[in-house]
$ cat work_35.cif   # mmCIF, C-alpha atoms
data_target
#
loop_
_atom_site.group_PDB
_atom_site.id
_atom_site.type_symbol
_atom_site.label_atom_id
_atom_site.label_comp_id
_atom_site.auth_asym_id
_atom_site.auth_seq_id
_atom_site.Cartn_x
_atom_site.Cartn_y
_atom_site.Cartn_z
ATOM 1 C CA MET A 79 -58.996 117.979 42.386
ATOM 2 C CA ASP A 80 -55.578 119.574 42.748
ATOM 3 C CA LEU A 81 -53.531 119.566 39.560
ATOM 4 C CA VAL A 82 -49.878 120.412 39.056
ATOM 5 C CA LEU A 83 -48.195 122.097 36.117
ATOM 6 C CA THR A 84 -44.549 121.108 35.658
ATOM 7 C CA LEU A 85 -42.377 123.309 33.456
ATOM 8 C CA ILE A 86 -39.085 121.831 32.245
ATOM 9 C CA THR A 87 -36.282 123.210 30.085
ATOM 10 C CA ALA A 88 -32.997 121.699 28.899
ATOM 11 C CA PRO A 89 -30.741 120.380 31.683
ATOM 12 C CA ASN A 90 -28.350 122.902 33.213
ATOM 13 C CA SER A 91 -29.500 125.513 30.721
ATOM 14 C CA GLY A 92 -30.882 128.066 33.173
ATOM 15 C CA ALA A 93 -33.447 128.705 30.471
ATOM 16 C CA LEU A 94 -36.626 128.733 32.562
ATOM 17 C CA THR A 95 -37.295 132.434 33.020
ATOM 18 C CA CYS A 96 -39.756 134.394 35.110
ATOM 19 C CA ASP A 97 -41.430 135.581 31.913
ATOM 20 C CA MET A 98 -42.048 131.995 30.812
ATOM 21 C CA ILE A 99 -43.494 131.063 34.186
ATOM 22 C CA GLU A 100 -45.687 134.159 34.208
ATOM 23 C CA ALA A 101 -46.970 133.349 30.713
ATOM 24 C CA ALA A 102 -47.971 129.848 31.808
ATOM 25 C CA THR A 103 -49.593 130.892 35.083
ATOM 26 C CA THR A 104 -51.435 133.778 33.418
ATOM 27 C CA THR A 105 -52.771 131.324 30.829
ATOM 28 C CA LEU A 106 -54.096 129.082 33.577
ATOM 29 C CA ALA A 107 -55.611 131.976 35.505
ATOM 30 C CA GLN A 108 -57.352 133.248 32.379
ATOM 31 C CA ALA A 109 -58.776 129.755 31.899
ATOM 32 C CA GLY A 110 -60.329 130.004 35.373
ATOM 33 C CA ALA A 111 -57.727 128.252 37.497
ATOM 34 C CA ASP A 112 -56.882 129.200 41.056
ATOM 35 C CA VAL A 113 -53.083 129.183 40.815
ATOM 36 C CA GLY A 114 -50.911 128.441 43.849
ATOM 37 C CA ASP A 115 -47.271 129.028 44.685
ATOM 38 C CA LEU A 116 -44.269 128.034 42.619
ATOM 39 C CA ARG A 117 -41.823 125.346 43.779
ATOM 40 C CA TRP A 118 -38.431 125.122 42.112
ATOM 41 C CA LEU A 119 -37.328 121.561 41.338
ATOM 42 C CA ALA A 120 -34.068 122.774 39.791
ATOM 43 C CA GLN A 121 -33.337 126.496 39.836
ATOM 44 C CA ASP A 122 -34.101 128.106 36.471
ATOM 45 C CA GLU A 123 -34.552 124.659 34.874
ATOM 46 C CA ALA A 124 -37.674 122.998 36.272
ATOM 47 C CA CYS A 125 -40.516 124.078 38.526
ATOM 48 C CA GLU A 126 -44.031 123.086 39.474
ATOM 49 C CA ILE A 127 -47.178 125.012 40.299
ATOM 50 C CA VAL A 128 -50.216 123.452 41.963
ATOM 51 C CA PHE A 129 -53.628 124.758 40.892
ATOM 52 C CA ASN A 130 -57.293 123.849 40.898
ATOM 53 C CA GLY A 131 -60.614 125.148 39.625
ATOM 54 C CA VAL A 132 -60.361 123.717 36.099
ATOM 55 C CA THR A 133 -60.271 120.222 34.644
ATOM 56 C CA LEU A 134 -57.105 118.602 33.377
ATOM 57 C CA GLN A 135 -58.475 118.687 29.833
ATOM 58 C CA HIS A 136 -59.316 122.382 30.089
ATOM 59 C CA ALA A 137 -55.845 123.144 31.444
ATOM 60 C CA ASP A 138 -54.220 121.184 28.613
ATOM 61 C CA GLN A 139 -56.251 123.019 26.019
ATOM 62 C CA ALA A 140 -55.363 126.402 27.479
ATOM 63 C CA LEU A 141 -51.648 125.633 27.736
ATOM 64 C CA GLU A 142 -51.492 124.426 24.127
ATOM 65 C CA LYS A 143 -51.888 128.092 23.193
ATOM 66 C CA CYS A 144 -49.086 129.191 25.533
ATOM 67 C CA ASN A 145 -46.047 129.299 23.276
ATOM 68 C CA ILE A 146 -43.026 129.052 25.565
ATOM 69 C CA ASP A 147 -39.779 127.164 25.012
ATOM 70 C CA ALA A 148 -40.360 124.580 27.714
ATOM 71 C CA ASP A 149 -42.130 121.280 28.317
ATOM 72 C CA LYS A 150 -45.540 121.903 29.915
ATOM 73 C CA VAL A 151 -47.105 118.942 31.688
ATOM 74 C CA VAL A 152 -50.308 118.897 33.741
ATOM 75 C CA GLN A 153 -51.177 115.988 36.026
ATOM 76 C CA PRO A 154 -53.173 115.270 39.163
ATOM 77 C CA VAL A 155 -51.039 115.865 42.245
ATOM 78 C CA ALA A 156 -52.186 112.659 43.916
ATOM 79 C CA GLY A 157 -50.460 109.459 42.869
ATOM 80 C CA ARG A 158 -47.883 110.954 40.512
ATOM 81 C CA ALA A 159 -44.890 109.302 42.224
ATOM 82 C CA LYS A 160 -44.915 105.929 40.498
ATOM 83 C CA LYS A 161 -43.923 102.450 41.642
ATOM 84 C CA LEU A 162 -43.027 101.009 38.236
ATOM 85 C CA LEU A 163 -40.843 102.437 35.465
ATOM 86 C CA ILE A 164 -41.193 100.787 32.076
ATOM 87 C CA ALA A 165 -38.926 102.208 29.392
ATOM 88 C CA ASP A 166 -38.227 101.704 25.720
ATOM 89 C CA MET A 167 -34.531 101.410 24.825
ATOM 90 C CA ASP A 168 -33.694 102.698 21.336
ATOM 91 C CA SER A 169 -33.846 106.499 21.008
ATOM 92 C CA THR A 170 -35.134 106.617 24.592
ATOM 93 C CA VAL A 171 -32.734 105.164 27.156
ATOM 94 C CA VAL A 172 -29.979 105.090 24.519
ATOM 95 C CA THR A 173 -29.544 107.883 22.008
ATOM 96 C CA GLY A 174 -29.580 105.900 18.780
ATOM 97 C CA GLU A 175 -31.099 102.838 17.147
ATOM 98 C CA THR A 176 -29.022 99.749 17.951
ATOM 99 C CA LEU A 177 -30.226 97.902 14.852
ATOM 100 C CA ASP A 178 -29.111 100.778 12.646
ATOM 101 C CA GLU A 179 -25.653 100.688 14.206
ATOM 102 C CA LEU A 180 -25.475 96.934 13.706
ATOM 103 C CA ALA A 181 -26.494 97.384 10.070
ATOM 104 C CA ASP A 182 -23.572 99.729 9.550
ATOM 105 C CA PHE A 183 -21.200 96.774 9.912
ATOM 106 C CA ALA A 184 -23.097 94.967 7.163
ATOM 107 C CA GLY A 185 -22.879 97.980 4.869
ATOM 108 C CA VAL A 186 -26.660 98.431 4.833
ATOM 109 C CA LYS A 187 -27.167 101.155 7.431
ATOM 110 C CA ASP A 188 -28.884 103.614 5.098
ATOM 111 C CA ARG A 189 -31.383 101.003 3.924
ATOM 112 C CA VAL A 190 -32.095 99.806 7.460
ATOM 113 C CA ALA A 191 -32.300 103.327 8.939
ATOM 114 C CA ALA A 192 -34.873 104.363 6.336
ATOM 115 C CA ILE A 193 -37.072 101.394 7.249
ATOM 116 C CA THR A 194 -36.565 102.067 10.977
ATOM 117 C CA ALA A 195 -37.673 105.686 10.627
ATOM 118 C CA ARG A 196 -40.868 104.714 8.816
ATOM 119 C CA ALA A 197 -41.658 101.897 11.238
ATOM 120 C CA MET A 198 -41.148 104.074 14.314
ATOM 121 C CA ASN A 199 -43.441 106.717 12.821
ATOM 122 C CA GLY A 200 -46.147 104.074 12.374
ATOM 123 C CA GLU A 201 -45.971 104.006 8.588
ATOM 124 C CA LEU A 202 -45.028 100.308 8.390
ATOM 125 C CA ASP A 203 -46.107 97.165 10.203
ATOM 126 C CA PHE A 204 -43.584 96.733 13.015
ATOM 127 C CA GLU A 205 -43.034 92.979 12.666
ATOM 128 C CA ALA A 206 -42.737 93.062 8.878
ATOM 129 C CA ALA A 207 -40.303 95.973 9.083
ATOM 130 C CA LEU A 208 -38.247 94.159 11.733
ATOM 131 C CA ASP A 209 -38.077 90.993 9.643
ATOM 132 C CA GLU A 210 -37.002 92.946 6.580
ATOM 133 C CA ARG A 211 -34.243 94.786 8.441
ATOM 134 C CA VAL A 212 -32.899 91.718 10.231
ATOM 135 C CA GLY A 213 -32.934 89.803 6.952
ATOM 136 C CA LEU A 214 -30.315 92.227 5.654
ATOM 137 C CA LEU A 215 -27.967 91.096 8.434
ATOM 138 C CA ALA A 216 -27.894 87.414 7.426
ATOM 139 C CA GLY A 217 -24.381 85.983 7.627
ATOM 140 C CA MET A 218 -22.989 88.690 9.913
ATOM 141 C CA ALA A 219 -20.673 87.442 12.671
ATOM 142 C CA THR A 220 -22.202 87.722 16.134
ATOM 143 C CA ALA A 221 -18.972 89.412 17.261
ATOM 144 C CA MET A 222 -20.284 92.509 15.482
ATOM 145 C CA LEU A 223 -22.876 92.867 18.244
ATOM 146 C CA ASP A 224 -20.045 93.739 20.613
ATOM 147 C CA GLU A 225 -18.650 96.227 18.125
ATOM 148 C CA ALA A 226 -22.051 97.871 17.672
ATOM 149 C CA TRP A 227 -22.450 98.080 21.451
ATOM 150 C CA LYS A 228 -19.265 100.138 21.727
ATOM 151 C CA ARG A 229 -20.974 102.904 19.747
ATOM 152 C CA ILE A 230 -24.004 103.162 21.994
ATOM 153 C CA GLU A 231 -24.434 106.189 24.247
ATOM 154 C CA TYR A 232 -26.927 106.687 27.046
ATOM 155 C CA THR A 233 -29.466 109.465 26.914
ATOM 156 C CA GLY A 234 -28.898 112.216 29.458
ATOM 157 C CA GLY A 235 -30.622 111.471 32.743
ATOM 158 C CA ALA A 236 -31.050 107.734 32.128
ATOM 159 C CA ARG A 237 -28.816 106.692 35.009
ATOM 160 C CA GLU A 238 -30.422 109.164 37.431
ATOM 161 C CA LEU A 239 -33.930 108.121 36.407
ATOM 162 C CA VAL A 240 -33.374 104.439 37.103
ATOM 163 C CA ALA A 241 -31.297 104.931 40.259
ATOM 164 C CA THR A 242 -33.650 107.478 41.824
ATOM 165 C CA MET A 243 -36.811 105.477 41.196
ATOM 166 C CA ARG A 244 -35.228 102.285 42.510
ATOM 167 C CA ALA A 245 -33.899 104.109 45.583
ATOM 168 C CA ASN A 246 -37.487 105.148 46.275
ATOM 169 C CA GLY A 247 -38.839 101.616 46.021
ATOM 170 C CA ALA A 248 -39.890 101.442 42.376
ATOM 171 C CA PHE A 249 -39.306 98.520 40.010
ATOM 172 C CA ALA A 250 -37.472 99.448 36.786
ATOM 173 C CA ALA A 251 -38.047 97.550 33.541
ATOM 174 C CA LEU A 252 -36.548 97.927 30.071
ATOM 175 C CA VAL A 253 -38.849 96.566 27.364
ATOM 176 C CA SER A 254 -37.708 96.948 23.775
ATOM 177 C CA GLY A 255 -38.567 95.978 20.236
ATOM 178 C CA GLY A 256 -34.793 95.803 19.790
ATOM 179 C CA PHE A 257 -32.592 92.905 20.836
ATOM 180 C CA ASP A 258 -31.867 91.197 24.120
ATOM 181 C CA PHE A 259 -28.087 91.383 23.588
ATOM 182 C CA PHE A 260 -28.338 95.139 24.004
ATOM 183 C CA THR A 261 -31.113 95.312 26.618
ATOM 184 C CA SER A 262 -29.244 92.917 28.903
ATOM 185 C CA ALA A 263 -26.144 95.121 28.678
ATOM 186 C CA VAL A 264 -28.194 98.246 29.466
ATOM 187 C CA ARG A 265 -29.900 96.468 32.372
ATOM 188 C CA ARG A 266 -26.557 95.545 33.903
ATOM 189 C CA GLU A 267 -24.974 98.970 33.424
ATOM 190 C CA LEU A 268 -27.912 101.144 34.518
ATOM 191 C CA GLY A 269 -29.367 98.861 37.171
ATOM 192 C CA PHE A 270 -32.735 97.968 35.673
ATOM 193 C CA ASP A 271 -34.478 95.137 37.503
ATOM 194 C CA PHE A 272 -35.763 93.498 34.309
ATOM 195 C CA ASP A 273 -35.290 93.531 30.562
ATOM 196 C CA GLN A 274 -37.164 91.995 27.672
ATOM 197 C CA ALA A 275 -36.523 92.243 23.936
ATOM 198 C CA ASN A 276 -36.396 90.314 20.680
ATOM 199 C CA VAL A 277 -33.884 87.533 20.116
ATOM 200 C CA LEU A 278 -31.634 87.328 17.052
ATOM 201 C CA LEU A 279 -31.318 83.735 15.840
ATOM 202 C CA THR A 280 -27.820 82.448 15.109
ATOM 203 C CA HIS A 281 -26.123 79.581 13.294
ATOM 204 C CA ALA A 282 -23.715 77.175 14.980
ATOM 205 C CA ASP A 283 -20.826 79.078 13.401
ATOM 206 C CA ASN A 284 -21.794 82.251 15.312
ATOM 207 C CA THR A 285 -23.299 84.096 12.393
ATOM 208 C CA LEU A 286 -26.762 85.649 12.231
ATOM 209 C CA THR A 287 -29.451 83.723 10.381
ATOM 210 C CA GLY A 288 -31.242 86.922 9.401
ATOM 211 C CA LYS A 289 -34.278 85.907 11.421
ATOM 212 C CA VAL A 290 -35.814 86.870 14.771
ATOM 213 C CA GLN A 291 -37.275 84.440 17.269
ATOM 214 C CA LYS A 292 -41.070 84.483 17.175
ATOM 215 C CA PRO A 293 -43.350 85.775 18.516
ATOM 216 C CA VAL A 294 -41.896 89.237 18.001
ATOM 217 C CA LEU A 295 -42.008 91.674 20.913
ATOM 218 C CA ASP A 296 -44.279 94.358 19.482
ATOM 219 C CA ARG A 297 -46.564 97.076 20.839
ATOM 220 C CA GLN A 298 -48.988 94.599 22.421
ATOM 221 C CA ALA A 299 -46.118 92.718 24.024
ATOM 222 C CA LYS A 300 -45.007 95.948 25.696
ATOM 223 C CA VAL A 301 -48.473 96.383 27.187
ATOM 224 C CA ASP A 302 -48.487 92.739 28.271
ATOM 225 C CA ALA A 303 -45.134 93.264 29.996
ATOM 226 C CA LEU A 304 -46.405 96.369 31.779
ATOM 227 C CA GLU A 305 -49.500 94.571 33.052
ATOM 228 C CA MET A 306 -47.510 91.452 34.044
ATOM 229 C CA LEU A 307 -44.913 93.449 35.977
ATOM 230 C CA ALA A 308 -47.574 95.541 37.668
ATOM 231 C CA ALA A 309 -49.391 92.396 38.810
ATOM 232 C CA GLN A 310 -46.148 90.800 40.022
ATOM 233 C CA ASN A 311 -45.403 93.905 42.082
ATOM 234 C CA GLY A 312 -48.925 94.083 43.530
ATOM 235 C CA ILE A 313 -49.814 97.343 41.783
ATOM 236 C CA THR A 314 -51.835 98.430 38.759
ATOM 237 C CA ALA A 315 -50.912 99.958 35.405
ATOM 238 C CA GLY A 316 -51.981 103.268 36.918
ATOM 239 C CA ASP A 317 -48.984 103.047 39.255
ATOM 240 C CA ALA A 318 -46.570 102.937 36.289
ATOM 241 C CA ILE A 319 -44.708 105.585 34.346
ATOM 242 C CA ALA A 320 -43.926 104.510 30.782
ATOM 243 C CA VAL A 321 -41.632 106.240 28.309
ATOM 244 C CA GLY A 322 -40.887 105.723 24.636
ATOM 245 C CA ASP A 323 -40.503 107.475 21.323
ATOM 246 C CA GLY A 324 -41.945 105.253 18.602
ATOM 247 C CA ALA A 325 -45.311 104.122 17.310
ATOM 248 C CA ASN A 326 -44.870 100.719 18.960
ATOM 249 C CA ASP A 327 -44.722 102.535 22.337
ATOM 250 C CA LEU A 328 -48.047 104.332 21.963
ATOM 251 C CA GLN A 329 -50.223 101.615 23.448
ATOM 252 C CA MET A 330 -47.900 101.207 26.443
ATOM 253 C CA ILE A 331 -47.873 104.983 26.919
ATOM 254 C CA SER A 332 -51.671 105.130 26.841
ATOM 255 C CA VAL A 333 -52.123 102.313 29.377
ATOM 256 C CA ALA A 334 -49.653 103.569 31.996
ATOM 257 C CA GLY A 335 -50.761 105.963 34.705
ATOM 258 C CA THR A 336 -48.209 108.432 33.358
ATOM 259 C CA GLY A 337 -47.292 107.840 29.720
ATOM 260 C CA VAL A 338 -44.504 109.979 28.289
ATOM 261 C CA ALA A 339 -43.570 110.504 24.647
ATOM 262 C CA PHE A 340 -39.870 111.332 24.835
ATOM 263 C CA ARG A 341 -38.470 113.306 21.890
ATOM 264 C CA ALA A 342 -40.900 111.212 19.947
ATOM 265 C CA LYS A 343 -41.641 110.619 16.288
ATOM 266 C CA PRO A 344 -44.223 113.003 14.733
ATOM 267 C CA SER A 345 -47.096 110.506 14.767
ATOM 268 C CA VAL A 346 -46.452 109.810 18.459
ATOM 269 C CA GLN A 347 -46.250 113.518 19.303
ATOM 270 C CA LYS A 348 -49.732 113.953 17.848
ATOM 271 C CA GLN A 349 -51.285 111.199 19.946
ATOM 272 C CA ALA A 350 -49.505 111.332 23.316
ATOM 273 C CA ARG A 351 -50.788 113.767 25.939
ATOM 274 C CA ILE A 352 -47.496 114.106 27.828
ATOM 275 C CA ARG A 353 -44.561 115.072 25.633
ATOM 276 C CA ILE A 354 -40.975 115.818 26.654
ATOM 277 C CA ASN A 355 -38.966 117.638 23.985
ATOM 278 C CA HIS A 356 -36.768 119.994 26.007
ATOM 279 C CA GLY A 357 -35.735 118.055 29.099
ATOM 280 C CA ASP A 358 -33.705 114.855 29.274
ATOM 281 C CA LEU A 359 -34.854 111.711 31.083
ATOM 282 C CA THR A 360 -34.642 113.461 34.453
ATOM 283 C CA ALA A 361 -37.842 115.163 33.285
ATOM 284 C CA LEU A 362 -39.626 111.965 34.325
ATOM 285 C CA LEU A 363 -38.380 112.548 37.869
ATOM 286 C CA TYR A 364 -39.542 116.154 37.877
ATOM 287 C CA LEU A 365 -42.971 114.951 36.716
ATOM 288 C CA GLN A 366 -43.131 112.763 39.818
ATOM 289 C CA GLY A 367 -42.241 115.659 42.114
ATOM 290 C CA TYR A 368 -38.577 114.873 42.692
ATOM 291 C CA ALA A 369 -36.253 117.863 42.987
ATOM 292 C CA ARG A 370 -32.725 117.736 41.575
ATOM 293 C CA ASP A 371 -31.195 117.495 45.062
ATOM 294 C CA GLN A 372 -33.110 114.231 45.527
ATOM 295 C CA PHE A 373 -31.620 112.571 42.440
ATOM 296 C CA VAL A 374 -29.502 109.443 42.915
ATOM 297 C CA GLY A 375 -26.731 108.244 40.606
ATOM 298 C CA ALA A 376 -25.616 111.588 39.159
#

$ encode --input "work_35.cif" --output "structure tokens"
Amino acid sequence: MDLVLTLITAPNSGALTCDMIEAATTTLAQAGADVGDLRWLAQDEACEIVFNGVTLQHADQALEKCNIDADKVVQPVAGRAKKLLIADMDSTVVTGETLDELADFAGVKDRVAAITARAMNGELDFEAALDERVGLLAGMATAMLDEAWKRIEYTGGARELVATMRANGAFAALVSGGFDFFTSAVRRELGFDFDQANVLLTHADNTLTGKVQKPVLDRQAKVDALEMLAAQNGITAGDAIAVGDGANDLQMISVAGTGVAFRAKPSVQKQARIRINHGDLTALLYLQGYARDQFVGA
């Protein structure tokens, strides 16, 4: 089976050097691989090298010992261009945690952020942690959602990722343990086909009750959404690329054909096979074989 190694550095950094590429290819060759030619996806930023002769697991193990300042991802060549994108929102498609920003208006950001960090690292039960954090927002005016939204910034490459996959026939879904107020705004602005998230309950006077509509969208719900959307689009979970950063994304990442831990929490880094820590979200396009001159929406 032909495999492909994709090497990715920070966007527009020009940081991918010949020495780094040689170190990676030498590592593969020493592991017994028959290494092919290099193809630049973005000059001095991202490239790919097809090889065979070793298993994916053997290649992964060898490359773990290759200490270069780049993301190193090995996959089968066949089937890597996916038909479904399913993405987490907070700290993935957007740079921060929307609940933490909302908590800032209630004067409880530090308390909420500390709980968020532990929950996303898998140290706390997700639903219990969500209930506790939302409870601290009881009585807040719903107008503060709009104010919190003004602070939100998109992660580099988010727009290009969604636009390029959709232009090539893929379905793009945003599935978050956050809140539908924010996911619906992201869907509209970035062009996702679908969004799903938790719902904040409100009083008649447009204040938050401090409660979330049940059942909570948790890690299993993300998997359920992936499988539902795959079935609706006549494909399988193997035809999906999933991306997230927190512990509640791990199951979704493991089920998808290509599961990516993006600048992920430590516990997620330990468990996910594909990790992106240098590139931005365009790394997910490079992984599928798209070159920078094929990107849409830049």

$ atom_distance --input "work_35.cif" --atom1 "atom CA of Met218 of chain A" --atom2 "atom CA of Gly200 of chain A"
27.9 Å

$ residues_around --input "work_35.cif" --residues "Ala315 of chain A" --least-positions-apart "6" --cutoff "8 Å" --atoms "only C-alpha atoms" --output "ChimeraX atom specification"
/A:304-305,308,333-335

$ residues_around --input "work_35.cif" --residues "Asp371 of chain A" --least-positions-apart "5" --cutoff "12 Å" --atoms "only C-alpha atoms" --output "list of chain:residue names"
A:Trp118, A:Leu119, A:Ala120, A:Gln121, A:Glu238, A:Thr242, A:Thr360, A:Leu363, A:Tyr364, A:Ala376

$ resolve_selection --input "work_35.cif" --expression "the PyMOL selection byres ((chain A and resi 365) around 12)" --output "PDB file with C-alpha atoms, in the frame of the given file"
ATOM      1  CA  LEU A  81     -53.531 119.566  39.560  1.00  0.00           C
ATOM      2  CA  VAL A  82     -49.878 120.412  39.056  1.00  0.00           C
ATOM      3  CA  LEU A  83     -48.195 122.097  36.117  1.00  0.00           C
ATOM      4  CA  THR A  84     -44.549 121.108  35.658  1.00  0.00           C
ATOM      5  CA  LEU A  85     -42.377 123.309  33.456  1.00  0.00           C
ATOM      6  CA  ILE A  86     -39.085 121.831  32.245  1.00  0.00           C
ATOM      7  CA  LEU A 119     -37.328 121.561  41.338  1.00  0.00           C
ATOM      8  CA  ALA A 124     -37.674 122.998  36.272  1.00  0.00           C
ATOM      9  CA  CYS A 125     -40.516 124.078  38.526  1.00  0.00           C
ATOM     10  CA  GLU A 126     -44.031 123.086  39.474  1.00  0.00           C
ATOM     11  CA  ILE A 127     -47.178 125.012  40.299  1.00  0.00           C
ATOM     12  CA  ASP A 149     -42.130 121.280  28.317  1.00  0.00           C
ATOM     13  CA  LYS A 150     -45.540 121.903  29.915  1.00  0.00           C
ATOM     14  CA  VAL A 151     -47.105 118.942  31.688  1.00  0.00           C
ATOM     15  CA  VAL A 152     -50.308 118.897  33.741  1.00  0.00           C
ATOM     16  CA  GLN A 153     -51.177 115.988  36.026  1.00  0.00           C
ATOM     17  CA  PRO A 154     -53.173 115.270  39.163  1.00  0.00           C
ATOM     18  CA  VAL A 155     -51.039 115.865  42.245  1.00  0.00           C
ATOM     19  CA  ALA A 156     -52.186 112.659  43.916  1.00  0.00           C
ATOM     20  CA  GLY A 157     -50.460 109.459  42.869  1.00  0.00           C
ATOM     21  CA  ARG A 158     -47.883 110.954  40.512  1.00  0.00           C
ATOM     22  CA  ALA A 159     -44.890 109.302  42.224  1.00  0.00           C
ATOM     23  CA  LYS A 160     -44.915 105.929  40.498  1.00  0.00           C
ATOM     24  CA  LEU A 239     -33.930 108.121  36.407  1.00  0.00           C
ATOM     25  CA  ILE A 319     -44.708 105.585  34.346  1.00  0.00           C
ATOM     26  CA  THR A 336     -48.209 108.432  33.358  1.00  0.00           C
ATOM     27  CA  GLY A 337     -47.292 107.840  29.720  1.00  0.00           C
ATOM     28  CA  VAL A 338     -44.504 109.979  28.289  1.00  0.00           C
ATOM     29  CA  ILE A 352     -47.496 114.106  27.828  1.00  0.00           C
ATOM     30  CA  ARG A 353     -44.561 115.072  25.633  1.00  0.00           C
ATOM     31  CA  ILE A 354     -40.975 115.818  26.654  1.00  0.00           C
ATOM     32  CA  GLY A 357     -35.735 118.055  29.099  1.00  0.00           C
ATOM     33  CA  ASP A 358     -33.705 114.855  29.274  1.00  0.00           C
ATOM     34  CA  LEU A 359     -34.854 111.711  31.083  1.00  0.00           C
ATOM     35  CA  THR A 360     -34.642 113.461  34.453  1.00  0.00           C
ATOM     36  CA  ALA A 361     -37.842 115.163  33.285  1.00  0.00           C
ATOM     37  CA  LEU A 362     -39.626 111.965  34.325  1.00  0.00           C
ATOM     38  CA  LEU A 363     -38.380 112.548  37.869  1.00  0.00           C
ATOM     39  CA  TYR A 364     -39.542 116.154  37.877  1.00  0.00           C
ATOM     40  CA  GLN A 366     -43.131 112.763  39.818  1.00  0.00           C
ATOM     41  CA  GLY A 367     -42.241 115.659  42.114  1.00  0.00           C
ATOM     42  CA  TYR A 368     -38.577 114.873  42.692  1.00  0.00           C
ATOM     43  CA  ALA A 369     -36.253 117.863  42.987  1.00  0.00           C
ATOM     44  CA  ARG A 370     -32.725 117.736  41.575  1.00  0.00           C
TER      45      ARG A 370
END

$ residues_around --input "work_35.cif" --residues "segment 95-105 of chain A" --least-positions-apart "2" --cutoff "8 Å" --atoms "only C-alpha atoms" --output "MDAnalysis selection string"
chainID A and resid 85 92:93 107:109 113 122 140:141 144 146:147

$ atom_distance --input "work_35.cif" --atom1 "atom CA of Glu142 of chain A" --atom2 "atom CA of Asp80 of chain A"
19.7 Å

$ atom_distance --input "work_35.cif" --atom1 "atom CA of Gly256 of chain A" --atom2 "atom CA of Phe373 of chain A"
28.4 Å

$ residues_around --input "work_35.cif" --residues "Ala342 of chain A" --least-positions-apart "5" --cutoff "7 Å" --atoms "only C-alpha atoms" --output "PyMOL selection string"
chain A and resi 323-324+347

$ decode --input "work_35.cif" --residues "segment 354-358 of chain A" --atoms "all heavy atoms" --output "PDB file, in the first residue's frame"
ATOM      1  N   ILE A 354      -1.830  18.287  14.632  1.00  0.00           N
ATOM      2  CA  ILE A 354      -1.356  19.500  13.960  1.00  0.00           C
ATOM      3  C   ILE A 354      -1.052  20.541  15.027  1.00  0.00           C
ATOM      4  O   ILE A 354      -1.957  20.998  15.737  1.00  0.00           O
ATOM      5  CB  ILE A 354      -2.396  20.044  12.959  1.00  0.00           C
ATOM      6  CG1 ILE A 354      -2.638  19.029  11.834  1.00  0.00           C
ATOM      7  CG2 ILE A 354      -1.932  21.387  12.393  1.00  0.00           C
ATOM      8  CD1 ILE A 354      -1.415  18.720  10.989  1.00  0.00           C
ATOM      9  N   ASN A 355       0.217  20.909  15.140  1.00  0.00           N
ATOM     10  CA  ASN A 355       0.651  21.896  16.127  1.00  0.00           C
ATOM     11  C   ASN A 355       1.395  23.066  15.508  1.00  0.00           C
ATOM     12  O   ASN A 355       1.617  24.082  16.171  1.00  0.00           O
ATOM     13  CB  ASN A 355       1.533  21.228  17.186  1.00  0.00           C
ATOM     14  CG  ASN A 355       0.758  20.256  18.048  1.00  0.00           C
ATOM     15  OD1 ASN A 355      -0.291  20.597  18.582  1.00  0.00           O
ATOM     16  ND2 ASN A 355       1.252  19.027  18.177  1.00  0.00           N
ATOM     17  N   HIS A 356       1.805  22.926  14.255  1.00  0.00           N
ATOM     18  CA  HIS A 356       2.547  23.991  13.580  1.00  0.00           C
ATOM     19  C   HIS A 356       1.686  24.718  12.542  1.00  0.00           C
ATOM     20  O   HIS A 356       1.701  25.946  12.474  1.00  0.00           O
ATOM     21  CB  HIS A 356       3.800  23.418  12.892  1.00  0.00           C
ATOM     22  CG  HIS A 356       4.796  22.873  13.854  1.00  0.00           C
ATOM     23  ND1 HIS A 356       4.718  21.596  14.366  1.00  0.00           N
ATOM     24  CD2 HIS A 356       5.899  23.431  14.421  1.00  0.00           C
ATOM     25  CE1 HIS A 356       5.722  21.397  15.194  1.00  0.00           C
ATOM     26  NE2 HIS A 356       6.445  22.493  15.245  1.00  0.00           N
ATOM     27  N   GLY A 357       0.963  23.962  11.739  1.00  0.00           N
ATOM     28  CA  GLY A 357       0.140  24.558  10.703  1.00  0.00           C
ATOM     29  C   GLY A 357      -1.139  25.163  11.251  1.00  0.00           C
ATOM     30  O   GLY A 357      -1.488  24.958  12.422  1.00  0.00           O
ATOM     31  N   ASP A 358      -1.858  25.912  10.411  1.00  0.00           N
ATOM     32  CA  ASP A 358      -3.196  26.364  10.775  1.00  0.00           C
ATOM     33  C   ASP A 358      -4.202  25.393  10.164  1.00  0.00           C
ATOM     34  O   ASP A 358      -3.837  24.260   9.803  1.00  0.00           O
ATOM     35  CB  ASP A 358      -3.415  27.825  10.377  1.00  0.00           C
ATOM     36  CG  ASP A 358      -3.417  28.048   8.861  1.00  0.00           C
ATOM     37  OD1 ASP A 358      -3.373  27.066   8.085  1.00  0.00           O
ATOM     38  OD2 ASP A 358      -3.459  29.224   8.442  1.00  0.00           O
TER      39      ASP A 358
END
